[in-house]
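*Asks:* For reference, the structure I am asking about is given below.
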Amino acid sequence: MARRRRKMAKAAAAAPPIERKQITCAFCNGEGKDPFGIPSILSTCQVCLGSGKVWVEPPTITCAFCGGSGVYLDKRLTCTVCRGKGVVTKPKGAKTCPDCLGSGMSPDGLPDLLCRGKGVIAG
Ligand SMILES: [Zn+2]
Ligand SMILES: [Zn+2]
Ligand SMILES: [Zn+2]
């Protein structure tokens with residue numbers, strides 16, 4: 001009598017897969033190249049690694065700190081809040097951050113500590 005194999009039996013387990021969607025890379029505008037030509041004009045965009053697309057976890061909101069540009073102010077660096085994607089995952093029950101009033105920025109020009117630069121906090 002052969003033993004029955006039940007390899008696939010537990011495939012449909014409880015945990016739902018993380019939903020992700022692909023958007024155009026904000027940092028390079030989908031070009032796949034470093035927008036500032038750093039270190040050279042042929043450099044690959046460090047955010048999307050040259051594909052022009054990045055994966056995000058919906059629901060997303062525009063990054064308050066960089067305004068969706070993916071760029072850290074005038075510093076030619078990727079925004080530390082959204083990592084250059086231009087959007088961030090919206091916290092559950094999001095409400096406007098009382099600390100920065102939604103700007104995502106603290107008075108010293110750094111990402112606000114309370115909302116971490118998102119401009120919203122979990123409700
Ligand atoms: Zn890119
Ligand atoms: Zn940002
Ligand atoms: Zn804030």
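Labeling convention for the structure tokens: chains A, B, ... as they appear, residues from 1 per chain, ligands from 1 in order of appearance.
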Going by DSSP on the backbone, which residues of segment 32-115 of chain A come out as strand (DSSP E)? List them as a PyMOL selection string.

*Replies:* chain A and resi 53-56+60-62+71-72+77-78+87-89+95-96

*Asks:* How would you write, as a compact mmCIF listing (two decimals) with C-alpha atoms, in the first residue's frame, the set of residues no farther than 8 Å from ligand 3 when counting only C-alpha atoms and all ligand atoms?

*Replies:*
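Result went into part_36.txt, see below:
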# COMPACT_ATOMS: atom_id res chain seq x y z
CA THR A 96 -3.10 64.82 9.58
CA CYS A 97 -0.02 64.95 11.75
CA PRO A 98 -0.59 67.53 14.54
CA ASP A 99 3.13 68.18 14.77
CA CYS A 100 3.90 69.33 11.22
CA LEU A 101 0.27 69.92 10.15
CA GLY A 102 0.74 67.63 7.19
CA SER A 103 3.88 69.12 5.70
CA GLY A 104 6.00 66.19 6.84
CA MET A 105 8.74 68.60 7.73
CA SER A 106 10.04 69.69 11.09
CA PRO A 111 11.53 64.78 8.20
CA ASP A 112 9.13 65.31 11.10
CA LEU A 113 9.76 62.84 13.90
CA LEU A 114 6.15 62.16 14.82
CA CYS A 115 4.95 61.16 11.34
CA ARG A 116 8.40 60.32 9.96
CA GLY A 117 7.81 62.78 7.14
CA LYS A 118 4.59 61.25 5.89
CA GLY A 119 2.46 64.16 7.08
CA VAL A 120 -0.11 61.76 8.48
CA ILE A 121 -0.15 59.46 11.48

*Asks:* If the limit is 6 Å from any atom of ligand 1, counting only C-alpha atoms and all ligand atoms, which residues qualify? Return them as a PDB file with C-alpha atoms, in the first residue's frame.

*Replies:*
ATOM      1  CA  CYS A  25       9.629  55.664 -10.371  1.00  0.00           C
ATOM      2  CA  PHE A  27      13.038  59.831  -8.703  1.00  0.00           C
ATOM      3  CA  CYS A  28      13.947  59.291 -12.365  1.00  0.00           C
ATOM      4  CA  GLY A  30      10.489  56.414 -15.241  1.00  0.00           C
ATOM      5  CA  GLY A  32      15.719  54.453 -15.298  1.00  0.00           C
ATOM      6  CA  CYS A  45      18.629  55.122 -11.062  1.00  0.00           C
ATOM      7  CA  VAL A  47      15.601  53.730  -6.708  1.00  0.00           C
ATOM      8  CA  CYS A  48      14.204  51.533  -9.492  1.00  0.00           C
ATOM      9  CA  GLY A  50      16.981  51.115 -14.044  1.00  0.00           C
ATOM     10  CA  GLY A  52      11.699  52.884 -14.331  1.00  0.00           C
TER      11      GLY A  52
END

*Asks:* Which chains and residue numbers are within 7 Å of ligand 2, counting only C-alpha atoms and all ligand atoms, if I want them as a PyMOL selection string?

*Replies:* chain A and resi 63-72+79-87

*Asks:* Write a file of the just-selected residues containing C-alpha atoms, as a CSV table (one decimal), in the first residue's frame.

*Replies:*
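And here is the file that came out, selection-v3.csv:
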chain,number,residue,atom,x,y,z
A,63,CYS,CA,5.0,61.6,0.2
A,64,ALA,CA,4.5,64.9,2.1
A,65,PHE,CA,8.2,65.5,2.7
A,66,CYS,CA,9.2,65.6,-1.0
A,67,GLY,CA,5.8,66.4,-2.4
A,68,GLY,CA,6.0,63.3,-4.6
A,69,SER,CA,9.2,64.1,-6.4
A,70,GLY,CA,11.2,61.4,-4.7
A,71,VAL,CA,14.0,63.9,-4.2
A,72,TYR,CA,15.4,65.1,-0.9
A,79,CYS,CA,14.0,61.3,-0.3
A,80,THR,CA,14.6,59.4,3.0
A,81,VAL,CA,10.9,59.3,3.7
A,82,CYS,CA,9.6,57.5,0.5
A,83,ARG,CA,13.1,56.3,-0.6
A,84,GLY,CA,12.6,58.0,-3.9
A,85,LYS,CA,9.3,56.4,-4.8
A,86,GLY,CA,7.3,59.6,-4.3
A,87,VAL,CA,4.6,57.8,-2.4

*Asks:* When DSSP is applied to the backbone of this structure, which of chain A are assigned helix (DSSP H, G or I)? Write them out as a PyMOL selection string.

*Replies:* chain A and resi 7-10

*Asks:* Closest to Thr78 of chain A among A:Trp55, A:Leu42, A:Asp34, A:Leu110, using only C-alpha atoms?

*Replies:*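 Once distances to Thr78 of chain A are computed over only C-alpha atoms, the minimum belongs to A:Asp34.
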